[in-house]
Amino acid sequence: MDQASRLREIVRKKAYEPACHGEAGRAREGRWPAGPRVIAVTSGKGGVGKTNIVGNLAIAFRRLEKRVLILDGDLGLANIDIIFGLNPVYNIKHVINGEKDLAEVIVKAPEEICIIPAGSGLHELVHLTNGQKLNLLNEFDTLNEDFDIFLIDTGAGISSNIIYFNMAAQERIVVATCEPSSITDAYALMKVMFTQHGTRSFKLLVNMAAHADEARSVFENLSNAVVRFLKDVSLEYVGFIPKDDNFQRAVRQQCTVLQRYPESESSKGFCKLARRLLAGPASAGCDGNIKFFWRKFMSYH
Ligand SMILES: Nc1ncnc2c1ncn2[C@@H]1O[C@H](COP(=O)(O)OP(=O)(O)O)[C@@H](O)[C@H]1O
Ligand SMILES: [Mg+2]
């Protein structure tokens, strides 16, 4: 069996069959861009909830019949695989080195979510030879028709890999909490991305807010600074996830809150967020496409 068919076997399970109905069906009819939507989840400061947001958002997208692929682009300790209680053996480094093909590296999380572990391979992504780049692009070419959403957990800050992931993605969700340092770091990230790399559009998600007003004031704070100092930047508010004890309970059980406590306020927040993201158009100007994403990413170094 060749790699493409093996990969298809991994991802094409019964859960995906009804994709001709509802929103997924409309996607096939042309309302969606040419490939999967590529969404980076990022932040200026660490510990704001990105990895857990990626995990929960993936589950929320699945409930809307979307097929989800996640790239773990964070070298931090609390990786996306831990959130789902997984223990991957291989990572993207093995693909780069030609030891494994992508199908062997991708791990399956609950609800048919697929994950590409990056691990130590993340460092190598910025030092690829032309041959390795081509190899990686060919591997990713097989994925486009198998997924509707490609989510990237970028890690925090302004190191080059994080900036490049953000630049290459079609949409960027910046996560901030109500803490002043998280707000200033979110601003600093957008400023660097705009002034040094020309990225103009961002979405803001406020996490761990006590209530809607508190979250809204974080957005207003940031938005005022953006309007004043980063004139060509657009910052769209996509809502908030409340601070929730069940969230932390679920984390301790290596499960997402949406799976374990679906009636919790934070779980409802993720469902609302997924619906909102799907209702809006993907950012204009480029195709959502996994290979296109990697081609852009690789062109930066
Ligand atoms: N909405 C929330 N309510 C309660 N706790 C949260 C919430 N979001 C995140 N957390 C807590 O914050 C911790 C850090 O989250 P994590 O996803 O690892 O952040 P990051 O990936 O940004 O470093 C989690 O272990 C969790 O306990
Ligand atoms: Mg993280």
# chains A, B, ... in the order shown; residues from 1 in each chain; ligands from 1
$ residues_near_ligand --ligand "ligand 1" --cutoff "7 Å" --atoms "only C-alpha atoms and all ligand atoms" --output "PyMOL selection string"
chain A and resi 43+46-53+78+155-156+207-208+241-245+247-248+251+266
$ residues_around --residues "A:Phe292" --least-positions-apart "4" --cutoff "12 Å" --atoms "only C-alpha atoms" --output "list in words"
Ala34, Gly35, Pro36, Arg37, Val38, Leu136, Leu137, Asn138, Phe140, Asp141, Leu143, Asn144, Phe150, Met167, Ala168, Ala169, Gln170, Cys286, Asp287, Gly288, Lys296, Phe297, Met298 and Ser299 of chain A
$ atom_distance --atom1 "atom CA of A:Leu151" --atom2 "atom CA of A:Ala40"
5.8 Å
$ residues_around --residues "A:Ala188" --least-positions-apart "3" --cutoff "9 Å" --atoms "only C-alpha atoms" --output "PyMOL selection string"
chain A and resi 44+157-158+183-185+191-193
$ residues_around --residues "stretch 91-102 of chain A" --least-positions-apart "4" --cutoff "7 Å" --atoms "only C-alpha atoms" --output "ChimeraX atom specification"
/A:106,116-121,132,136,139
$ write_last_selection --atoms "C-alpha atoms" --output "mmCIF file, in the first residue's frame"
data_model
loop_
_atom_site.group_PDB
_atom_site.id
_atom_site.type_symbol
_atom_site.label_atom_id
_atom_site.label_comp_id
_atom_site.auth_asym_id
_atom_site.auth_seq_id
_atom_site.Cartn_x
_atom_site.Cartn_y
_atom_site.Cartn_z
ATOM 1 C CA ILE A 106 0.572 11.021 12.488
ATOM 2 C CA ILE A 116 1.489 15.598 13.753
ATOM 3 C CA PRO A 117 3.922 15.624 16.672
ATOM 4 C CA ALA A 118 6.791 18.010 16.035
ATOM 5 C CA GLY A 119 9.056 17.390 19.026
ATOM 6 C CA SER A 120 12.723 18.049 18.415
ATOM 7 C CA GLY A 121 11.982 18.203 14.684
ATOM 8 C CA GLN A 132 14.253 17.798 2.543
ATOM 9 C CA LEU A 136 8.222 17.358 3.163
ATOM 10 C CA GLU A 139 4.344 14.338 1.987
#
$ closest_residue --among "A:Val41, A:Ala186, A:Leu128, A:Leu273" --to "A:Asp74" --atoms "only C-alpha atoms"
A:Val41
